>>> print(open('my_file30.txt').read())   # compact mmCIF, C-alpha atoms
# COMPACT_ATOMS: atom_id res chain seq x y z
CA MET A 1 0.00 0.00 0.00
CA SER A 2 1.13 3.49 -0.81
CA THR A 3 0.85 6.26 1.75
CA THR A 4 1.35 9.03 -0.80
CA SER A 5 -1.48 11.12 -2.22
CA PRO A 6 -3.92 8.94 -4.16
CA SER A 7 -3.97 9.17 -7.91
CA PRO A 8 -7.01 9.26 -10.20
CA VAL A 9 -8.49 5.92 -11.14
CA SER A 10 -5.80 3.87 -12.88
CA PRO A 11 -5.57 0.38 -11.34
CA GLU A 12 -3.95 -1.05 -14.45
CA GLY A 13 -1.83 -4.15 -14.90
CA THR A 14 -2.14 -7.80 -14.00
CA ARG A 15 -1.10 -9.67 -10.87
CA ASP A 16 1.97 -11.90 -11.20
CA GLY A 17 1.63 -12.15 -14.96
CA GLY A 18 -1.91 -13.56 -14.84
CA ASP A 19 -4.65 -12.78 -17.32
CA LEU A 20 -6.84 -10.96 -14.79
CA PRO A 21 -5.98 -7.59 -13.29
CA TYR A 22 -7.39 -8.78 -9.93
CA ARG A 23 -8.93 -12.09 -8.97
CA LEU A 24 -10.85 -10.80 -5.95
CA ILE A 25 -12.89 -7.59 -5.69
CA ALA A 26 -13.78 -6.59 -2.13
CA THR A 27 -16.44 -3.95 -1.57
CA PRO A 28 -18.63 -2.71 1.26
CA HIS A 29 -22.21 -1.85 0.27
CA ASP A 30 -23.13 1.20 2.37
CA GLY A 31 -21.49 4.28 0.86
CA THR A 32 -19.90 2.23 -1.91
CA LEU A 33 -22.11 -0.19 -3.85
CA LEU A 34 -25.27 1.53 -2.65
CA SER A 35 -26.28 5.12 -3.31
CA SER A 36 -26.65 7.63 -0.50
CA GLU A 37 -30.35 6.70 -0.56
CA GLU A 38 -29.22 3.15 0.33
CA ASN A 39 -30.45 1.80 -3.01
CA GLY A 40 -28.70 -0.06 -5.80
CA THR A 41 -27.97 1.84 -9.02
CA GLU A 42 -28.60 0.80 -12.62
CA ARG A 43 -24.98 0.98 -13.74
CA THR A 44 -23.22 -0.87 -10.94
CA PRO A 45 -24.86 -4.35 -11.14
CA PRO A 46 -23.91 -4.94 -14.81
CA ALA A 47 -20.38 -3.72 -14.11
CA ARG A 48 -20.16 -5.97 -11.06
CA ALA A 49 -21.33 -8.93 -13.16
CA ARG A 50 -18.41 -8.52 -15.57
CA ALA A 51 -15.88 -9.75 -13.02
CA PRO A 52 -17.38 -13.24 -12.51
CA ARG A 53 -17.76 -13.64 -16.27
CA ALA A 54 -14.05 -12.89 -16.55
CA GLY A 55 -13.23 -15.44 -13.85
CA ALA A 56 -12.82 -13.03 -10.93
CA LEU A 57 -14.70 -13.12 -7.63
CA HIS A 58 -16.62 -10.38 -5.86
CA ILE A 59 -16.96 -10.41 -2.09
CA ILE A 60 -18.92 -7.98 0.04
CA VAL A 61 -17.13 -6.88 3.22
CA THR A 62 -19.50 -4.96 5.45
CA GLY A 63 -19.70 -3.59 8.93
CA ARG A 64 -23.30 -4.76 9.16
CA SER A 65 -23.97 -8.04 10.91
CA ALA A 66 -25.28 -10.82 8.69
CA VAL A 67 -28.86 -10.33 9.92
CA TRP A 68 -28.72 -6.65 8.94
CA ALA A 69 -26.86 -7.34 5.69
CA ARG A 70 -29.23 -10.03 4.44
CA PRO A 71 -31.94 -7.62 3.18
CA VAL A 72 -29.33 -5.81 1.07
CA PHE A 73 -27.95 -9.08 -0.27
CA ASP A 74 -31.46 -10.18 -1.22
CA GLU A 75 -32.14 -6.84 -2.93
CA ILE A 76 -29.01 -6.95 -5.10
CA GLY A 77 -29.10 -10.71 -5.67
CA TYR A 78 -25.85 -11.44 -3.82
CA THR A 79 -25.45 -15.15 -2.97
CA GLY A 80 -21.71 -15.51 -2.38
CA ILE A 81 -19.55 -15.52 0.71
CA ALA A 82 -19.54 -12.24 2.62
CA VAL A 83 -17.57 -10.79 5.49
CA CYS A 84 -19.97 -9.20 7.99
CA GLY A 85 -19.84 -7.48 11.35
CA GLN A 86 -16.50 -5.70 10.73
CA GLY A 87 -14.85 -9.10 10.17
CA ALA A 88 -16.52 -11.00 12.99
CA GLN A 89 -18.61 -13.16 10.65
CA VAL A 90 -17.86 -15.01 7.44
CA TYR A 91 -21.29 -15.67 6.00
CA ASP A 92 -22.61 -17.75 3.11
CA ALA A 93 -25.35 -15.50 1.76
CA GLY A 94 -26.75 -18.13 -0.60
CA ALA A 95 -27.13 -20.76 2.10
CA HIS A 96 -27.88 -18.23 4.86
CA LYS A 97 -25.22 -19.88 7.01
CA LEU A 98 -22.49 -18.56 9.26
CA LEU A 99 -19.12 -20.10 8.47
CA THR A 100 -17.25 -18.31 11.28
CA SER A 101 -18.37 -16.07 14.12
CA LEU A 102 -16.43 -14.19 16.82
CA THR A 103 -17.85 -12.56 19.94
CA LEU A 104 -16.83 -9.65 22.12
CA ASP A 105 -15.91 -10.52 25.70
CA ARG A 106 -18.78 -9.00 27.67
CA ARG A 107 -16.74 -8.24 30.77
CA LEU A 108 -14.19 -6.37 28.67
CA ALA A 109 -17.00 -4.61 26.83
CA ALA A 110 -18.57 -3.39 30.07
CA LEU A 111 -15.20 -2.24 31.38
CA ALA A 112 -14.44 -0.46 28.12
CA VAL A 113 -17.73 1.47 28.25
CA GLU A 114 -17.04 2.40 31.87
CA LYS A 115 -13.56 3.70 31.01
CA ILE A 116 -14.80 5.67 28.00
CA GLU A 117 -17.60 7.27 30.01
CA ALA A 118 -15.08 8.28 32.67
CA GLU A 119 -13.49 10.46 29.97
CA THR A 120 -16.48 11.54 27.88
CA GLY A 121 -19.47 11.42 30.18
CA PRO A 122 -22.62 9.38 29.48
CA LEU A 123 -22.86 7.37 26.26
CA ALA A 124 -25.82 5.97 24.39
CA VAL A 125 -25.03 2.30 23.76
CA ALA A 126 -26.39 -0.45 21.53
CA ALA A 127 -25.35 -4.10 21.23
CA ASN A 128 -25.31 -6.50 18.29
CA GLN A 129 -26.23 -9.97 19.54
CA ASP A 130 -24.27 -12.90 18.15
CA GLY A 131 -25.63 -15.32 15.57
CA LEU A 132 -28.03 -15.27 12.63
CA ASP A 133 -30.96 -14.65 14.93
CA GLY A 134 -29.09 -11.99 16.87
CA GLN A 135 -30.93 -8.69 17.25
CA VAL A 136 -29.58 -5.19 17.66
CA LEU A 137 -30.46 -4.03 21.16
CA ALA A 138 -30.60 -0.25 21.60
CA GLY A 139 -30.19 1.22 25.05
CA PRO A 140 -31.65 4.53 26.24
CA GLY A 141 -30.87 7.42 23.90
CA TYR A 142 -29.32 5.38 21.09
CA GLU A 143 -30.58 6.50 17.66
CA LEU A 144 -29.94 4.57 14.46
CA LEU A 145 -28.72 7.01 11.79
CA ILE A 146 -28.22 4.61 8.87
CA GLY A 147 -30.55 1.93 7.55
CA SER A 148 -33.44 3.52 9.40
CA ASP A 149 -35.73 0.64 8.40
CA LEU A 150 -33.50 -1.93 10.11
CA PRO A 151 -35.00 -3.60 13.17
CA VAL A 152 -33.82 -2.65 16.67
CA VAL A 153 -35.13 -3.74 20.04
CA ARG A 154 -35.29 -1.17 22.83
CA VAL A 155 -33.91 -2.39 26.16
CA ASP A 156 -32.60 -0.85 29.35
CA ARG A 157 -28.87 -0.53 29.85
CA ASP A 158 -28.62 -3.71 31.94
CA GLY A 159 -30.14 -5.76 29.12
CA LEU A 160 -27.50 -4.94 26.53
CA LEU A 161 -25.01 -7.58 27.66
CA ALA A 162 -27.41 -10.25 28.88
CA SER A 163 -26.44 -12.56 25.99
CA PRO A 164 -23.33 -12.98 23.75
CA VAL A 165 -22.64 -10.02 21.47
CA SER A 166 -20.41 -9.44 18.47
CA LYS A 167 -19.92 -5.71 19.09
CA LEU A 168 -21.21 -2.58 20.77
CA TYR A 169 -22.20 0.74 19.21
CA VAL A 170 -21.62 3.96 21.14
CA GLN A 171 -22.86 7.51 20.61
CA HIS A 172 -22.30 10.78 22.45
CA HIS A 173 -24.70 13.72 22.57
CA ALA A 174 -21.99 16.35 21.94
CA LEU A 175 -18.85 14.74 20.49
CA THR A 176 -18.41 14.16 16.77
CA ASP A 177 -17.96 10.59 15.62
CA ASP A 178 -14.23 11.14 15.04
CA ALA A 179 -13.78 12.76 18.45
CA LEU A 180 -15.69 9.96 20.16
CA ALA A 181 -13.63 7.30 18.38
CA ASP A 182 -10.40 9.05 19.42
CA ALA A 183 -11.57 9.31 23.03
CA ALA A 184 -12.60 5.64 23.04
CA ARG A 185 -9.19 4.56 21.78
CA ARG A 186 -7.42 6.62 24.43
CA ALA A 187 -9.59 5.29 27.22
CA ALA A 188 -10.09 1.67 26.21
CA GLY A 189 -7.92 0.89 23.19
CA ASP A 190 -6.06 -1.74 25.20
CA LEU A 191 -9.33 -3.60 25.82
CA VAL A 192 -11.31 -3.35 22.58
CA GLY A 193 -10.91 -2.32 18.96
CA VAL A 194 -12.56 0.97 18.03
CA VAL A 195 -13.78 1.91 14.54
CA MET A 196 -15.83 4.69 13.02
CA ALA A 197 -17.98 3.03 10.38
CA GLY A 198 -20.46 5.72 9.33
CA PRO A 199 -22.62 8.58 10.59
CA GLY A 200 -23.38 7.94 14.24
CA VAL A 201 -21.66 4.55 14.10
CA VAL A 202 -18.68 4.20 16.42
CA GLU A 203 -18.16 0.54 17.28
CA LEU A 204 -16.33 -1.44 19.96
CA LEU A 205 -14.99 -4.75 18.65
CA PRO A 206 -12.91 -7.70 19.85
CA LEU A 207 -9.32 -6.46 20.06
CA GLY A 208 -7.47 -7.12 16.80
CA LEU A 209 -10.61 -7.71 14.74
CA SER A 210 -11.03 -5.77 11.49
CA LYS A 211 -12.43 -6.10 8.01
CA ALA A 212 -8.94 -7.20 6.98
CA THR A 213 -8.86 -10.16 9.37
CA GLY A 214 -12.27 -11.32 8.19
CA LEU A 215 -11.35 -10.81 4.54
CA ALA A 216 -8.15 -12.82 4.99
CA VAL A 217 -10.18 -15.75 6.39
CA ALA A 218 -12.68 -15.57 3.52
CA ALA A 219 -9.94 -15.23 0.90
CA ARG A 220 -8.27 -18.40 2.14
CA ARG A 221 -11.57 -20.23 1.72
CA LEU A 222 -11.82 -18.88 -1.81
CA GLY A 223 -8.20 -19.71 -2.67
CA VAL A 224 -7.27 -16.09 -3.35
CA ARG A 225 -4.37 -14.06 -1.97
CA ALA A 226 -4.02 -10.47 -0.85
CA ALA A 227 -1.79 -9.87 -3.87
CA ASP A 228 -4.74 -10.70 -6.13
CA THR A 229 -7.21 -8.38 -4.40
CA ILE A 230 -8.54 -4.90 -5.12
CA ALA A 231 -10.56 -3.32 -2.30
CA PHE A 232 -13.02 -0.42 -2.34
CA GLY A 233 -14.20 1.64 0.61
CA ASP A 234 -15.46 4.89 2.07
CA MET A 235 -14.96 4.88 5.84
CA PRO A 236 -12.13 4.51 8.40
CA ASN A 237 -13.19 0.93 9.10
CA ASP A 238 -11.96 0.16 5.56
CA VAL A 239 -8.38 1.28 6.32
CA PRO A 240 -7.18 -2.20 7.48
CA MET A 241 -8.70 -3.76 4.35
CA PHE A 242 -6.73 -1.31 2.18
CA GLY A 243 -3.59 -2.30 4.05
CA TRP A 244 -4.23 -5.98 3.33
CA ALA A 245 -5.24 -5.77 -0.33
CA ALA A 246 -2.89 -5.13 -3.23
CA HIS A 247 -4.80 -2.01 -4.28
CA GLY A 248 -7.18 0.26 -2.39
CA VAL A 249 -9.74 2.45 -4.16
CA ALA A 250 -11.49 5.13 -2.11
CA MET A 251 -14.81 6.60 -3.16
CA ALA A 252 -14.83 10.36 -3.77
CA ASN A 253 -17.25 10.58 -0.83
CA ALA A 254 -14.80 8.74 1.45
CA HIS A 255 -13.68 9.89 4.89
CA GLU A 256 -10.39 11.79 4.87
CA GLU A 257 -8.71 9.04 6.92
CA LEU A 258 -9.33 6.54 4.13
CA LEU A 259 -8.47 8.98 1.35
CA ALA A 260 -5.07 9.44 3.00
CA VAL A 261 -4.12 5.77 2.49
CA ALA A 262 -5.89 5.03 -0.80
CA ASP A 263 -3.93 4.11 -3.92
CA THR A 264 -6.57 5.65 -6.17
CA VAL A 265 -9.82 7.57 -5.86
CA THR A 266 -12.89 6.89 -7.96
CA ALA A 267 -16.19 8.73 -8.33
CA GLY A 268 -18.63 8.84 -5.43
CA ASN A 269 -21.20 6.19 -4.68
CA ASP A 270 -23.95 8.33 -6.24
CA GLU A 271 -21.87 8.51 -9.44
CA ASP A 272 -21.31 4.72 -9.69
CA GLY A 273 -17.67 4.91 -8.61
CA VAL A 274 -17.31 1.13 -8.30
CA ALA A 275 -18.69 0.66 -11.81
CA VAL A 276 -16.24 3.23 -13.20
CA VAL A 277 -13.32 1.07 -12.03
CA LEU A 278 -14.80 -2.34 -12.86
CA GLU A 279 -15.72 -1.29 -16.39
CA ARG A 280 -12.10 -0.29 -16.91
CA LEU A 281 -10.65 -3.45 -15.39
CA TYR A 282 -13.07 -5.91 -17.02
CA PRO A 283 -14.14 -4.51 -20.42
CA ALA A 284 -17.33 -5.86 -21.99
CA ARG A 285 -16.73 -8.59 -24.55
>>> encode(input="my_file30.txt", output="structure tokens")
Amino acid sequence: MSTTSPSPVSPEGTRDGGDLPYRLIATPHDGTLLSSEENGTERTPPARARAPRAGALHIIVTGRSAVWARPVFDEIGYTGIAVCGQGAQVYDAGAHKLLTSLTLDRRLAALAVEKIEAETGPLAVAANQDGLDGQVLAGPGYELLIGSDLPVVRVDRDGLLASPVSKLYVQHHALTDDALADAARRAAGDLVGVVMAGPGVVELLPLGLSKATGLAVAARRLGVRAADTIAFGDMPNDVPMFGWAAHGVAMANAHEELLAVADTVTAGNDEDGVAVVLERLYPAR
């Protein structure tokens, strides 16, 4: 990965002398495949379909848990393996089956929240229960700012950690997402991983977990290496994935933290930025 200023879209060349420019295409859906209205576009699906016809694979790598990602997968007709929950789950979308699943230690999670609140003051907290039937439990004051039609269950604070969870979401009434993420890392970065994944979405994860760790597990299952992978993204939670893949493409609408480590920048998600790159890499035949 380059740490210099990203160039315009130009991910040319092949990997190790092969016929394909990249054998694995890794994309989130929110802010990348989907428009800002959280809908699919007309141009992106045909462009995405070119890669499999050329012999390449497409894998979705999302911060959403599998239960929250499934409606999107159904809408866009995605039936492959996906990495969900910021890397915690490797999920077979076609079979609706979890292949791997990691959980957050609940004692560490509770301690992390306590340490963060000692620095920031009260937080609004939500929890993502483990498993395919796991619900998102929202504590007092927590407001979902993306995917507003996604189901949440309102509980009191004590109910958030009553069962195994894959991650916690935290919000603060005054701090920006970036400021909250920074404060959380200072206070509890030795206990949990901290990522900012979208508007109002700061997450506490098992320490060491990232989209990159989940993608590496899925890639091994698919028989593909990091050197054969091009990754797209828009948020700081995509930074580890860019570090793992051979080439990282940031959307024009991406967070500045991701833009700083991208190899190239494409158009925004409302301008079919993924399609712009895929059409170049896999021309129609």
>>> atom_distance(input="my_file30.txt", atom1="atom CA of A:Gly214", atom2="atom CA of A:Gly63")
10.7 Å
>>> residues_around(input="my_file30.txt", residues="A:Pro199", least_positions_apart="2", cutoff="8 Å", atoms="all atoms listed in the file", output="PDB file with C-alpha atoms, in the frame of the given file")
ATOM      1  CA  LEU A 145     -28.720   7.010  11.790  1.00  0.00           C
ATOM      2  CA  ILE A 146     -28.220   4.610   8.870  1.00  0.00           C
ATOM      3  CA  ASP A 177     -17.960  10.590  15.620  1.00  0.00           C
ATOM      4  CA  ALA A 197     -17.980   3.030  10.380  1.00  0.00           C
ATOM      5  CA  VAL A 201     -21.660   4.550  14.100  1.00  0.00           C
TER       6      VAL A 201
END
>>> closest_atom_pairs(input="my_file30.txt", of="stretch 80-153 of chain A", to="stretch 234-256 of chain A", cutoff="12 Å", atoms="all atoms listed in the file", output="tab-separated table")
residue	atom	partner	partner_atom	distance
A:Val83	CA	A:Met241	CA	11.4
A:Gly85	CA	A:Asn237	CA	11.0
A:Gln86	CA	A:Asn237	CA	7.6
A:Gly87	CA	A:Met241	CA	10.0
>>> closest_residue(input="my_file30.txt", among="A:Arg43, A:His173, A:Lys167, A:Arg107", to="A:Glu271", atoms="only C-alpha atoms")
A:Arg43
>>> atom_distance(input="my_file30.txt", atom1="atom CA of A:Tyr91", atom2="atom CA of A:Thr62")
10.9 Å
>>> closest_residue(input="my_file30.txt", among="A:Leu215, A:Leu150, A:Leu24, A:Ala110", to="A:Val67", atoms="only C-alpha atoms")
A:Leu150
>>> atom_distance(input="my_file30.txt", atom1="atom CA of A:Ala138", atom2="atom CA of A:Asp158")
11.1 Å
>>> closest_residue(input="my_file30.txt", among="A:Glu279, A:Asp270, A:Glu257, A:Asp228", to="A:Leu57", atoms="only C-alpha atoms")
A:Asp228
>>> closest_residue(input="my_file30.txt", among="A:Pro71, A:Val125, A:Leu99, A:Pro21", to="A:Ala54", atoms="all atoms listed in the file")
A:Pro21
>>> closest_residue(input="my_file30.txt", among="A:Ile25, A:Leu191, A:Cys84, A:Val202", to="A:Ala126", atoms="only C-alpha atoms")
A:Val202
>>> residues_around(input="my_file30.txt", residues="A:Ala181", least_positions_apart="2", cutoff="9 Å", atoms="only C-alpha atoms", output="list of chain:residue names")
A:Thr176, A:Asp177, A:Asp178, A:Ala179, A:Ala183, A:Ala184, A:Arg185, A:Arg186, A:Val194, A:Val195, A:Met196, A:Val202, A:Glu203
>>> residues_near_point(input="my_file30.txt", point="(-20.8, -14.5, 23.0)", cutoff="6 Å", atoms="all atoms listed in the file", output="number ranges by chain")
A: 103, 164-165
>>> write_last_selection(input="my_file30.txt", atoms="C-alpha atoms", output="compact mmCIF listing (two decimals), in the frame of the given file")
# COMPACT_ATOMS: atom_id res chain seq x y z
CA THR A 103 -17.85 -12.56 19.94
CA PRO A 164 -23.33 -12.98 23.75
CA VAL A 165 -22.64 -10.02 21.47
>>> closest_residue(input="my_file30.txt", among="A:Ile81, A:Ala51, A:Val136, A:Ile59", to="A:Phe232", atoms="only C-alpha atoms")
A:Ile59
>>> residues_around(input="my_file30.txt", residues="A:Gln135", least_positions_apart="6", cutoff="8 Å", atoms="all atoms listed in the file", output="VMD selection string")
chain A and resid 67 128 to 129 151 to 153
